[in-house]
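Structure data (mmCIF, C-alpha atoms) from upload.cif:
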data_protein
#
loop_
_atom_site.label_atom_id
_atom_site.label_comp_id
_atom_site.auth_asym_id
_atom_site.auth_seq_id
_atom_site.Cartn_x
_atom_site.Cartn_y
_atom_site.Cartn_z
CA MET A 1 52.79 -4.63 -8.07
CA ASN A 2 53.49 -0.96 -7.29
CA ALA A 3 50.12 0.04 -8.78
CA LEU A 4 48.30 -2.59 -6.70
CA LEU A 5 50.05 -1.56 -3.49
CA GLY A 6 49.30 2.07 -4.30
CA VAL A 7 45.58 1.31 -4.66
CA ILE A 8 45.59 -0.64 -1.37
CA PHE A 9 47.33 2.18 0.51
CA HIS A 10 44.95 4.76 -0.96
CA PHE A 11 42.03 2.56 0.09
CA LEU A 12 43.31 2.53 3.67
CA GLY A 13 43.67 6.31 3.56
CA GLY A 14 40.19 6.71 2.08
CA PHE A 15 38.75 4.39 4.73
CA ALA A 16 40.36 6.45 7.50
CA SER A 17 39.03 9.70 6.04
CA GLY A 18 35.58 8.32 5.27
CA SER A 19 35.29 6.86 8.78
CA PHE A 20 37.00 9.41 11.03
CA TYR A 21 33.79 11.22 11.92
CA MET A 22 32.20 8.17 13.56
CA PRO A 23 33.97 8.70 16.95
CA TYR A 24 32.72 12.32 16.97
CA LYS A 25 29.17 10.96 17.03
CA LYS A 26 29.96 9.61 20.50
CA VAL A 27 30.90 13.04 21.87
CA LYS A 28 28.23 14.33 24.28
CA GLY A 29 27.38 17.89 25.29
CA TRP A 30 29.88 19.71 23.06
CA GLN A 31 29.11 21.83 20.02
CA TRP A 32 30.78 21.15 16.67
CA GLU A 33 33.50 23.80 16.93
CA THR A 34 34.47 22.53 20.40
CA PHE A 35 35.10 18.91 19.50
CA TRP A 36 36.47 19.83 16.04
CA LEU A 37 39.16 21.95 17.67
CA ILE A 38 40.09 19.27 20.24
CA GLY A 39 40.25 16.63 17.51
CA GLY A 40 42.27 19.04 15.41
CA LEU A 41 44.92 19.35 18.09
CA PHE A 42 45.62 15.67 17.51
CA SER A 43 45.23 15.60 13.72
CA TRP A 44 47.15 18.83 13.03
CA ILE A 45 49.59 19.34 15.91
CA ILE A 46 50.24 16.15 17.92
CA VAL A 47 50.08 13.14 15.59
CA PRO A 48 51.87 14.50 12.46
CA PRO A 49 55.18 15.30 14.24
CA LEU A 50 54.92 12.01 16.13
CA ALA A 51 54.50 10.09 12.85
CA ALA A 52 57.43 11.99 11.34
CA PHE A 53 59.58 11.33 14.42
CA LEU A 54 58.87 7.59 14.26
CA THR A 55 59.54 7.24 10.53
CA ILE A 56 62.06 9.91 9.47
CA PRO A 57 65.36 10.42 11.35
CA ASN A 58 66.05 14.11 11.97
CA PHE A 59 62.80 15.24 10.33
CA TRP A 60 63.02 18.53 12.19
CA GLY A 61 66.47 19.13 10.76
CA ILE A 62 65.05 18.67 7.25
CA ILE A 63 62.39 21.31 7.94
CA GLN A 64 64.90 23.74 9.46
CA SER A 65 67.32 23.39 6.55
CA GLU A 66 64.68 24.06 3.90
CA SER A 67 64.33 27.49 2.30
CA SER A 68 61.82 29.94 3.73
CA SER A 69 60.02 30.16 0.39
CA ILE A 70 59.31 26.41 0.29
CA ILE A 71 58.20 26.40 3.93
CA GLY A 72 56.08 29.49 3.31
CA PHE A 73 54.30 28.16 0.23
CA THR A 74 53.71 24.76 1.85
CA PHE A 75 52.20 26.48 4.91
CA LEU A 76 50.15 28.85 2.73
CA PHE A 77 48.58 26.06 0.70
CA GLY A 78 47.78 24.23 3.93
CA ALA A 79 46.03 27.34 5.29
CA LEU A 80 44.07 27.80 2.04
CA TRP A 81 43.02 24.15 2.18
CA GLY A 82 41.80 24.71 5.74
CA ILE A 83 39.72 27.71 4.63
CA GLY A 84 38.22 25.65 1.81
CA GLY A 85 37.13 23.00 4.29
CA PHE A 86 35.56 25.61 6.53
CA MET A 87 33.66 27.16 3.60
CA TYR A 88 32.24 23.74 2.80
CA GLY A 89 29.50 24.39 5.34
CA LEU A 90 28.41 27.56 3.55
CA GLY A 91 28.19 25.73 0.25
CA VAL A 92 25.96 23.12 1.87
CA ARG A 93 23.85 25.85 3.44
CA TYR A 94 23.09 27.60 0.15
CA LEU A 95 22.92 24.59 -2.19
CA GLY A 96 21.92 21.72 0.04
CA VAL A 97 24.05 18.74 1.02
CA ALA A 98 23.66 16.70 -2.16
CA LEU A 99 24.13 19.43 -4.76
CA GLY A 100 26.71 21.36 -2.72
CA SER A 101 28.78 18.27 -1.93
CA SER A 102 28.69 17.10 -5.56
CA ILE A 103 29.95 20.44 -6.85
CA MET A 104 32.62 20.93 -4.18
CA LEU A 105 33.97 17.37 -4.15
CA GLY A 106 33.94 17.25 -7.94
CA LEU A 107 35.88 20.52 -8.19
CA THR A 108 38.34 19.42 -5.50
CA MET A 109 39.02 16.20 -7.38
CA VAL A 110 39.35 17.75 -10.84
CA ILE A 111 41.38 20.82 -9.80
CA GLY A 112 43.61 18.94 -7.36
CA SER A 113 44.44 16.27 -9.93
CA LEU A 114 44.76 18.32 -13.13
CA LEU A 115 46.07 21.77 -12.20
CA PRO A 116 49.55 20.56 -11.10
CA SER A 117 49.94 18.59 -14.35
CA ILE A 118 48.93 21.67 -16.36
CA TYR A 119 51.45 23.75 -14.38
CA TYR A 120 54.24 21.27 -15.13
CA GLU A 121 53.33 21.38 -18.81
CA PHE A 122 54.60 24.98 -18.87
CA ASN A 123 57.23 24.52 -16.14
CA PRO A 124 58.69 21.04 -16.73
CA GLN A 125 60.42 19.26 -13.88
CA ASP A 126 62.02 15.82 -13.75
CA GLY A 127 59.69 13.20 -12.33
CA LYS A 128 56.56 15.36 -12.68
CA ASP A 129 53.70 14.26 -14.92
CA ASN A 130 52.39 16.95 -17.24
CA ILE A 131 49.10 17.09 -19.09
CA GLY A 132 50.76 16.68 -22.49
CA LEU A 133 52.38 13.42 -21.41
CA MET A 134 49.09 12.13 -20.06
CA LEU A 135 47.17 12.99 -23.22
CA SER A 136 49.80 11.31 -25.40
CA SER A 137 50.20 8.09 -23.41
CA GLU A 138 47.90 5.11 -22.96
CA TRP A 139 48.29 5.11 -19.19
CA GLY A 140 47.59 8.84 -19.00
CA LYS A 141 44.44 8.59 -21.10
CA MET A 142 43.23 5.76 -18.89
CA VAL A 143 43.81 7.82 -15.73
CA LEU A 144 41.93 10.78 -17.22
CA LEU A 145 39.09 8.42 -18.18
CA GLY A 146 39.00 7.26 -14.57
CA LEU A 147 38.74 10.87 -13.44
CA LEU A 148 35.80 11.47 -15.79
CA VAL A 149 34.04 8.32 -14.61
CA CYS A 150 34.52 9.30 -10.97
CA VAL A 151 33.02 12.76 -11.56
CA ILE A 152 30.01 11.04 -13.16
CA GLY A 153 29.73 8.89 -10.04
CA ILE A 154 29.74 12.00 -7.84
CA ILE A 155 26.97 13.55 -9.95
CA ILE A 156 24.84 10.40 -9.70
CA SER A 157 25.38 10.28 -5.92
CA GLY A 158 24.41 13.95 -5.70
CA LYS A 159 21.23 13.19 -7.60
CA ALA A 160 20.45 10.42 -5.11
CA GLY A 161 20.98 12.88 -2.27
CA VAL A 162 18.53 15.34 -3.79
CA MET A 163 15.94 12.55 -4.16
CA LYS A 164 16.51 11.48 -0.55
CA ASP A 165 16.03 15.00 0.83
CA LYS A 166 12.78 15.42 -1.09
CA GLU A 167 11.38 12.07 0.02
CA LEU A 168 12.27 12.33 3.69
CA GLN A 169 11.63 16.09 3.93
CA THR A 170 14.00 16.45 6.85
CA ASP A 171 16.71 18.95 7.65
CA ALA A 172 19.92 18.11 5.86
CA VAL A 173 22.97 16.76 7.63
CA ASP A 174 26.38 17.75 6.29
CA PRO A 175 29.38 15.40 6.04
CA HIS A 176 30.44 16.46 9.56
CA GLY A 177 27.11 15.22 10.97
CA VAL A 178 25.83 18.74 11.66
CA GLU A 179 22.20 19.57 10.94
CA VAL A 180 21.99 22.29 8.30
CA LYS A 181 19.11 24.67 7.66
CA THR A 182 19.28 25.02 3.90
CA GLU A 183 18.71 28.53 2.54
CA TYR A 184 18.62 27.81 -1.16
CA LYS A 185 20.49 30.58 -3.01
CA PHE A 186 21.89 29.07 -6.18
CA GLY A 187 23.99 32.03 -7.38
CA LEU A 188 25.64 32.72 -4.04
CA GLY A 189 25.92 29.02 -3.29
CA LEU A 190 27.63 28.32 -6.61
CA ILE A 191 30.24 31.04 -5.95
CA VAL A 192 30.91 29.70 -2.45
CA ALA A 193 31.06 26.11 -3.73
CA ILE A 194 33.57 27.02 -6.45
CA ILE A 195 35.78 28.87 -3.94
CA SER A 196 35.57 25.96 -1.48
CA GLY A 197 36.30 23.39 -4.18
CA VAL A 198 39.33 25.32 -5.43
CA LEU A 199 40.76 25.96 -1.95
CA SER A 200 40.13 22.38 -0.80
CA ALA A 201 42.32 21.19 -3.67
CA CYS A 202 45.20 23.19 -2.18
CA PHE A 203 46.24 20.26 -0.01
CA ASN A 204 47.62 18.56 -3.10
CA PHE A 205 49.33 21.83 -4.07
CA GLY A 206 50.87 21.90 -0.58
CA LEU A 207 52.34 18.45 -1.15
CA GLU A 208 53.78 19.68 -4.44
CA ALA A 209 55.25 22.80 -2.81
CA GLY A 210 56.78 20.77 0.03
CA LYS A 211 58.08 17.98 -2.19
CA PRO A 212 61.74 19.07 -1.76
CA MET A 213 61.50 18.13 1.93
CA ALA A 214 60.07 14.73 1.03
CA ASN A 215 62.84 14.28 -1.55
CA VAL A 216 65.51 14.86 1.11
CA ALA A 217 63.93 12.22 3.34
CA ASN A 218 63.58 9.88 0.37
CA GLU A 219 67.19 10.21 -0.77
CA ALA A 220 68.54 9.72 2.76
CA TRP A 221 66.47 6.55 3.14
CA LYS A 222 67.53 5.17 -0.26
CA LEU A 223 71.17 5.84 0.59
CA ALA A 224 70.77 3.76 3.75
CA ASN A 225 68.59 1.14 2.01
CA PRO A 226 69.90 0.71 -1.55
CA ASN A 227 67.83 -1.08 -4.21
CA GLN A 228 64.66 -1.12 -2.14
CA GLY A 229 62.54 1.33 -4.09
CA GLU A 230 61.05 4.58 -2.82
CA PHE A 231 60.66 5.53 0.84
CA LEU A 232 57.06 4.81 1.94
CA PHE A 233 56.99 7.56 4.57
CA GLN A 234 58.77 10.38 2.74
CA ASN A 235 55.72 12.70 2.86
CA ASN A 236 55.46 12.59 6.64
CA VAL A 237 57.86 15.52 6.94
CA THR A 238 55.82 17.58 4.45
CA TYR A 239 52.58 16.90 6.33
CA VAL A 240 53.95 18.61 9.42
CA VAL A 241 54.20 21.96 7.60
CA VAL A 242 51.02 21.60 5.50
CA LEU A 243 48.99 20.83 8.61
CA TRP A 244 50.46 23.78 10.47
CA GLY A 245 48.72 25.88 7.84
CA GLY A 246 45.51 23.89 8.18
CA MET A 247 45.62 24.34 11.94
CA ALA A 248 46.05 28.11 11.62
CA SER A 249 42.92 28.64 9.51
CA ASN A 250 40.81 26.12 11.42
CA LEU A 251 41.88 27.61 14.76
CA ILE A 252 40.69 31.04 13.66
CA GLY A 253 37.40 29.60 12.41
CA CYS A 254 36.75 27.54 15.54
CA LEU A 255 37.56 30.42 17.88
CA TYR A 256 35.22 32.69 15.91
CA LEU A 257 32.39 30.17 16.24
CA SER A 258 33.21 29.62 19.92
CA PHE A 259 32.75 33.29 20.75
CA LYS A 260 29.80 33.70 18.39
CA ASN A 261 27.93 30.71 19.87
CA LYS A 262 29.43 31.09 23.37
CA SER A 263 30.43 27.45 23.12
CA TYR A 264 33.72 28.11 24.94
CA THR A 265 31.72 27.23 28.06
CA ASP A 266 31.57 23.61 26.80
CA TYR A 267 34.92 22.87 28.45
CA THR A 268 33.59 23.68 31.93
CA LYS A 269 30.10 22.23 31.65
CA LYS A 270 28.99 19.98 34.47
CA ASN A 271 27.56 16.52 33.79
CA VAL A 272 29.52 16.30 30.54
CA PRO A 273 31.86 13.28 30.13
CA ALA A 274 34.89 15.43 29.34
CA VAL A 275 37.46 12.62 29.54
CA LYS A 276 35.46 10.38 27.22
CA ASN A 277 34.87 13.29 24.87
CA ILE A 278 38.60 13.99 24.67
CA LEU A 279 39.35 10.31 24.03
CA PHE A 280 36.81 10.14 21.20
CA CYS A 281 38.20 13.40 19.76
CA ALA A 282 41.72 11.97 19.96
CA LEU A 283 40.60 8.84 18.12
CA ALA A 284 38.81 10.86 15.45
CA GLY A 285 41.76 13.22 15.02
CA THR A 286 44.21 10.35 14.72
CA MET A 287 42.03 8.59 12.15
CA TRP A 288 41.75 11.85 10.23
CA PHE A 289 45.55 12.12 10.01
CA LEU A 290 45.89 8.49 8.95
CA GLN A 291 44.26 9.36 5.63
CA PHE A 292 47.39 11.37 4.78
CA PHE A 293 49.74 8.84 6.33
CA PHE A 294 48.44 6.17 3.95
CA TYR A 295 48.14 8.69 1.11
CA GLY A 296 51.87 9.26 1.36
CA MET A 297 52.49 5.51 1.21
CA GLY A 298 50.25 5.23 -1.85
CA GLU A 299 51.96 8.18 -3.48
CA SER A 300 55.36 6.57 -2.98
CA LYS A 301 54.12 3.70 -5.17
CA MET A 302 52.19 5.74 -7.74
CA GLY A 303 53.76 9.21 -7.66
CA ASN A 304 52.25 12.53 -6.62
CA GLY A 305 50.37 12.89 -9.90
CA PRO A 306 46.67 12.89 -10.78
CA SER A 307 46.32 9.17 -10.02
CA SER A 308 47.03 9.48 -6.30
CA TRP A 309 44.67 12.41 -5.78
CA ILE A 310 41.86 10.78 -7.81
CA LEU A 311 42.10 7.53 -5.86
CA HIS A 312 42.30 9.39 -2.56
CA MET A 313 39.13 11.39 -3.25
CA ALA A 314 37.25 8.48 -4.83
CA PHE A 315 37.83 6.19 -1.85
CA ILE A 316 36.82 8.93 0.61
CA ILE A 317 33.51 9.53 -1.19
CA LEU A 318 32.86 5.82 -1.61
CA ILE A 319 33.53 4.95 2.04
CA ALA A 320 31.52 7.92 3.32
CA ASN A 321 28.53 6.83 1.24
CA LEU A 322 28.88 3.27 2.49
CA TRP A 323 28.81 4.51 6.09
CA GLY A 324 25.66 6.42 5.24
CA VAL A 325 24.03 3.17 4.17
CA ILE A 326 25.36 1.22 7.17
CA ILE A 327 24.06 3.70 9.77
CA LYS A 328 20.71 3.80 7.93
CA GLU A 329 20.80 7.41 6.76
CA TRP A 330 18.92 6.17 3.69
CA LYS A 331 16.24 4.31 5.63
CA GLY A 332 12.73 5.13 4.43
CA VAL A 333 13.59 6.22 0.89
CA SER A 334 12.22 4.63 -2.27
CA ARG A 335 13.84 1.78 -4.16
CA LYS A 336 14.57 4.19 -6.99
CA THR A 337 16.61 6.40 -4.67
CA ILE A 338 18.46 3.41 -3.21
CA SER A 339 19.18 2.18 -6.73
CA THR A 340 20.53 5.60 -7.66
CA ILE A 341 22.99 5.79 -4.76
CA VAL A 342 24.09 2.20 -5.40
CA VAL A 343 24.73 3.03 -9.06
CA GLY A 344 26.70 6.11 -7.99
CA MET A 345 28.92 4.03 -5.70
CA LEU A 346 29.41 1.36 -8.35
CA VAL A 347 30.44 3.99 -10.90
CA MET A 348 33.01 5.40 -8.46
CA PHE A 349 34.30 1.88 -7.79
CA VAL A 350 34.72 1.37 -11.55
CA SER A 351 36.67 4.65 -11.70
CA ILE A 352 39.05 3.28 -9.06
CA LEU A 353 39.65 0.17 -11.16
CA ILE A 354 40.27 2.29 -14.26
CA VAL A 355 42.80 4.54 -12.52
CA GLY A 356 44.55 1.53 -10.99
CA TYR A 357 44.73 -0.17 -14.38
CA GLY A 358 46.04 3.00 -15.98
CA ASN A 359 48.92 3.13 -13.50
CA SER A 360 49.74 -0.52 -14.16
CA LEU A 361 50.40 0.43 -17.80
CA ARG A 362 53.24 2.82 -16.90
#

If you convert what's in this file into structure tokens, what do you get?
Amino acid sequence: MNALLGVIFHFLGGFASGSFYMPYKKVKGWQWETFWLIGGLFSWIIVPPLAAFLTIPNFWGIIQSESSSIIGFTFLFGALWGIGGFMYGLGVRYLGVALGSSIMLGLTMVIGSLLPSIYYEFNPQDGKDNIGLMLSSEWGKMVLLGLLVCVIGIIISGKAGVMKDKELQTDAVDPHGVEVKTEYKFGLGLIVAIISGVLSACFNFGLEAGKPMANVANEAWKLANPNQGEFLFQNNVTYVVVLWGGMASNLIGCLYLSFKNKSYTDYTKKNVPAVKNILFCALAGTMWFLQFFFYGMGESKMGNGPSSWILHMAFIILIANLWGVIIKEWKGVSRKTISTIVVGMLVMFVSILIVGYGNSLR
């Protein structure tokens, strides 16, 4: 039952992440960095403390009582994750959307799911899955198989994207909905993509670094609610610090683009529906945070091991591709291309079933 609930919660998180950009498409008259920053105020600064306040008594006391090293590393990994997300655009620019996204998302999934388990192989800790345990257990082998299958699904989807771009011969659109002028430079693009993929995986490292805070919240809840399992919302306190780091790096990036593009004038433009824009940004930012809210619930059922990160990433990619089909981004392509993207999504769906089954064997 825990495995099934974990999959359901990770689906809800993946749906929120794969869908959050839709409200941004309703924003009028603002450049990307303008509405991204406004949405970020909600997803990084406003909503996370509110969620923690509503679910964890004295969450601020837990943060204040934690050591500076844990707070510092949690913040640092959040900032590195934010940089990785910002570099995503450069990877798309030099490799194209399909190839760049496949490389970066694949690296984020593999590194974010495996590196912590490799670390705990050499630095064992109670309750932490290590790579040796996974390779020697049936459930672990099944989870690793699911990871491999999901990466194959990403590659197939990337291939479909390349076919689509060639057939439609239009400017690419990145996952944020921004038109990208591709300047194909494979060597440079590969370096940028690797850096982005590695840094984007740092969110999972941030959760690992901030786990002591979640453990305090979890133990307090279990003391007040004996024999009721793990606390669903224990990670909400960790998110506050991780997203501080993400806000810091994204704020610097957005301000740089604002001055470079002179888009800081967006806020004072006439004939721009500012109130509606802010409301859509607030909705998008809240949806963006909900991916982590539900991720934490899924993790409480499955553990903060490879399984949670794999399911999180797989559902995001799957839902994002489904939205692409629904809003007719694939309209006008050949049946072969449609078949390829469908196969890619089916393969990723199979990977989700494999990972879920693997966790049920524990």

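Using all atoms listed in the file, the shortest contact distance between Asn130 in chain A and any of A:Trp288, A:Pro306, A:Phe233, A:Lys166 is found at A:Pro306.
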
Measuring between all atoms listed in the file, which one of A:Asn321, A:Asn235, A:Ser258, A:Thr337 shows the shortest distance to Phe35 in chain A?
A:Ser258

Apply the PyMOL selection byres ((chain A and resi 232) around 7) to the structure shown and report the selected residues as a ChimeraX atom specification.
/A:230-231,233-234,296-297,300

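Interatomic distance, CA of Gly358 in chain A to CA of Ala217 in chain A: 27.9 Å.
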
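Note that CA of Met87 in chain A and CA of Leu318 in chain A are 22.0 Å apart.
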
Tell me, as an MDAnalysis selection string, which residues lie within 9 Å of range 74-82 of chain A, counting only C-alpha atoms; anything in the same chain fewer than 6 positions away does not count.
chainID A and resid 196 198:210 238 241:250

Near Pro49 in chain A, counting only C-alpha atoms, which residues have an atom at most 9 Å away, once you skip same-chain residues fewer than 2 positions from it, shown as a PyMOL selection string?
chain A and resi 44-47+51-54+59-60+236-237+239-240

Any chance you could resolve the PyMOL selection byres ((chain A and resi 43) around 6) against this file and give the residues as number ranges by chain?
A: 40-42, 44, 47, 285-286, 289

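When you apply the PyMOL selection byres ((chain A and resi 115) around 12) to this structure, what comes back is Leu107, Thr108, Met109, Val110, Ile111, Gly112, Ser113, Leu114, Pro116, Ser117, Ile118, Tyr119, Tyr120, Glu121, Phe122, Asp129, Asn130, Ile131, Val198, Ala201, Cys202, Asn204, Phe205, Glu208, Gly305, Pro306 and Trp309 of chain A.
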
Write a file of the just-selected residues containing C-alpha atoms, as an mmCIF file, in the coordinates of the input.
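Produced file part_26.cif, reproduced below:
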data_model
loop_
_atom_site.group_PDB
_atom_site.id
_atom_site.type_symbol
_atom_site.label_atom_id
_atom_site.label_comp_id
_atom_site.auth_asym_id
_atom_site.auth_seq_id
_atom_site.Cartn_x
_atom_site.Cartn_y
_atom_site.Cartn_z
ATOM 1 C CA LEU A 107 35.880 20.520 -8.190
ATOM 2 C CA THR A 108 38.340 19.420 -5.500
ATOM 3 C CA MET A 109 39.020 16.200 -7.380
ATOM 4 C CA VAL A 110 39.350 17.750 -10.840
ATOM 5 C CA ILE A 111 41.380 20.820 -9.800
ATOM 6 C CA GLY A 112 43.610 18.940 -7.360
ATOM 7 C CA SER A 113 44.440 16.270 -9.930
ATOM 8 C CA LEU A 114 44.760 18.320 -13.130
ATOM 9 C CA PRO A 116 49.550 20.560 -11.100
ATOM 10 C CA SER A 117 49.940 18.590 -14.350
ATOM 11 C CA ILE A 118 48.930 21.670 -16.360
ATOM 12 C CA TYR A 119 51.450 23.750 -14.380
ATOM 13 C CA TYR A 120 54.240 21.270 -15.130
ATOM 14 C CA GLU A 121 53.330 21.380 -18.810
ATOM 15 C CA PHE A 122 54.600 24.980 -18.870
ATOM 16 C CA ASP A 129 53.700 14.260 -14.920
ATOM 17 C CA ASN A 130 52.390 16.950 -17.240
ATOM 18 C CA ILE A 131 49.100 17.090 -19.090
ATOM 19 C CA VAL A 198 39.330 25.320 -5.430
ATOM 20 C CA ALA A 201 42.320 21.190 -3.670
ATOM 21 C CA CYS A 202 45.200 23.190 -2.180
ATOM 22 C CA ASN A 204 47.620 18.560 -3.100
ATOM 23 C CA PHE A 205 49.330 21.830 -4.070
ATOM 24 C CA GLU A 208 53.780 19.680 -4.440
ATOM 25 C CA GLY A 305 50.370 12.890 -9.900
ATOM 26 C CA PRO A 306 46.670 12.890 -10.780
ATOM 27 C CA TRP A 309 44.670 12.410 -5.780
#

What's around Ile327 in chain A at 12 Å? Count only C-alpha atoms, leave out sequence neighbours fewer than 5 positions away in its own chain, and write the answer as a PyMOL selection string.
chain A and resi 19+22+25+177+320-322

Which of these, A:Ile326, A:Ala274, A:Leu346, A:Ile316, has the shortest distance to His10 in chain A once you count all atoms listed in the file?
A:Ile316

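Nearest-residue note for Cys150 in chain A: choosing from A:Val333, A:Val342, A:Leu255, A:Met313, the minimum distance belongs to A:Met313, counting all atoms listed in the file.
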
Protein, DNA and RNA residues within 9 Å of (27.7, 5.9, -6.7), only C-alpha atoms, as an NGL selection string:
:A and (150 or 152-158 or 160 or 317-318 or 321 or 340-349)

When you look at Asn271 in chain A with a cut-off of 10 Å (counting all atoms listed in the file), what residues show up, excluding the ones that are within fewer than 3 positions of it in the same chain? I need them as a PyMOL selection string.
chain A and resi 28-29+268+274

Coordinates-based distance that separates CA of Lys301 in chain A from CA of Ala3 in chain A (Å, one decimal)
6.5 Å

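You can rank A:Trp330, A:Trp221, A:Phe11, A:Tyr264 by their closest distance to Pro57 in chain A using only C-alpha atoms, and at the top of that list sits A:Trp221.
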
Neighbourhood query: residues within 6 Å of (39.6, 7.0, -12.1), file coordinates, counting all atoms listed in the file; return as a ChimeraX atom specification.
/A:143,146-147,150,351-352,354-355

May I have the selected residues written with C-alpha atoms, as a PDB file, in the coordinates of the input?
ATOM      1  CA  VAL A 143      43.810   7.820 -15.730  1.00  0.00           C
ATOM      2  CA  GLY A 146      39.000   7.260 -14.570  1.00  0.00           C
ATOM      3  CA  LEU A 147      38.740  10.870 -13.440  1.00  0.00           C
ATOM      4  CA  CYS A 150      34.520   9.300 -10.970  1.00  0.00           C
ATOM      5  CA  SER A 351      36.670   4.650 -11.700  1.00  0.00           C
ATOM      6  CA  ILE A 352      39.050   3.280  -9.060  1.00  0.00           C
ATOM      7  CA  ILE A 354      40.270   2.290 -14.260  1.00  0.00           C
ATOM      8  CA  VAL A 355      42.800   4.540 -12.520  1.00  0.00           C
TER       9      VAL A 355
END
